[in-house]
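A.B. asks: I'd like to ask you about the structure that follows.
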Amino acid sequence: MELILFYVFAVTVVGGGIGVVASRNPVASLMFMVVSLASVAGIYVLLEAHFLAAIQVMVYAGAIMVLFLFVIMLLNLGHDYRDDLVRGLYAVCAFVVSGAICGILATRFGGTETSPLYESFPGAAAMDLELAERGAVSLIARPLFQEYVVPFEITGILLLVAVVGAVALAKKRV
Amino acid sequence: MLTEALTTSALLFVIGTFGVLVRRNAIIMFLCIELQLNAVNLALVAFSRYVGVEGQVFVFFVMTVAAAEAAVGLAIIISIFRHYRTVNVDNFNLLKW
């Protein structure tokens, strides 16, 4: 059952991704992107990352995509069906580069579950036990506020800088 | 489910890379970069199911950085659009005007 659900989500993730690249209307691209991101959230649930699934839907599929939609509509690109593909040698290079990445990843991922390193992991059962004991939020909160508290605080500074930078860049010349 | 999740992640990453290389619309390229970030997140979450919860902490950070990056990047695109009246990256050739 879980595996069937996983395959449904995986197909929508990849299909949404192809839709993003293939559709000519930027708004349609964005809608495909939302479908893809929501399906990724579904896969997160199947992988028992409940907190991240919620964050994915709220922050990614919600906030960031609405920001993109605002910009597309602000710049009035919704009617922009012009062809914007690269041509000639660049297109061939694009195919070669993505094919090479695909090949490298395929050879690396082939034997993940049979490698000796995989045996040394705690495994899904141990993670399930911890999840049941502490809950989805506490599970991620403890490392976040103990081991990774300095990066977490730096993230706050990063967001502040991003807000100031975005306002300064996007405002009209005065 | 690890191999399947990693395969999905790899496919998503390749689609994102291909989109960045092929499309010339700055906003679509941006969306494709987000696709790549998501592919990496998916791989991290898939491994965190078996290795430990740290992977999910990294995904949390990646999401924050992606949000900041989207805000600043879109502001730059708006600023460029005001000047050139287009978002096609072939026309962008000035750092300052």
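We name chains A, B, ... following the order of the structure tokens; residues begin at 1 in each chain, and ligands are numbered from 1 as shown.
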Compute the chain B side of the contact with chain A at 8 Å, counting only C-alpha atoms, and hand it back as a count of residues only.
C.D. replies: 58
A.B. asks: What's the 8 Å shell around B:Val40, counting only C-alpha atoms, without same-chain residues fewer than 3 positions away, as an NGL selection string?
C.D. replies: :B and (9 or 13 or 36-37 or 43-44)
A.B. asks: Do you have the atom CA of A:Val137-atom CA of A:Ala38 distance handy?
C.D. replies: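 Those two atoms sit 19.8 Å apart.
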A.B. asks: Write out as an NGL selection string the set of residues from stretch 13-93 of chain A that DSSP, computed on the backbone, places in helix (DSSP H, G or I).
C.D. replies: :A and (13-22 or 26-46 or 50-74 or 89-93)
A.B. asks: Please indicate the distance in Å from atom CA of A:Val34 to atom CA of A:Ala61, rounded to one decimal place.
C.D. replies: 5.3 Å
A.B. asks: Could you state the separation of atom CA of A:Val8 and atom CA of A:Arg108 in Å, given to one decimal place?
C.D. replies: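 For atom CA of A:Val8 relative to atom CA of A:Arg108, the distance reads 24.2 Å.
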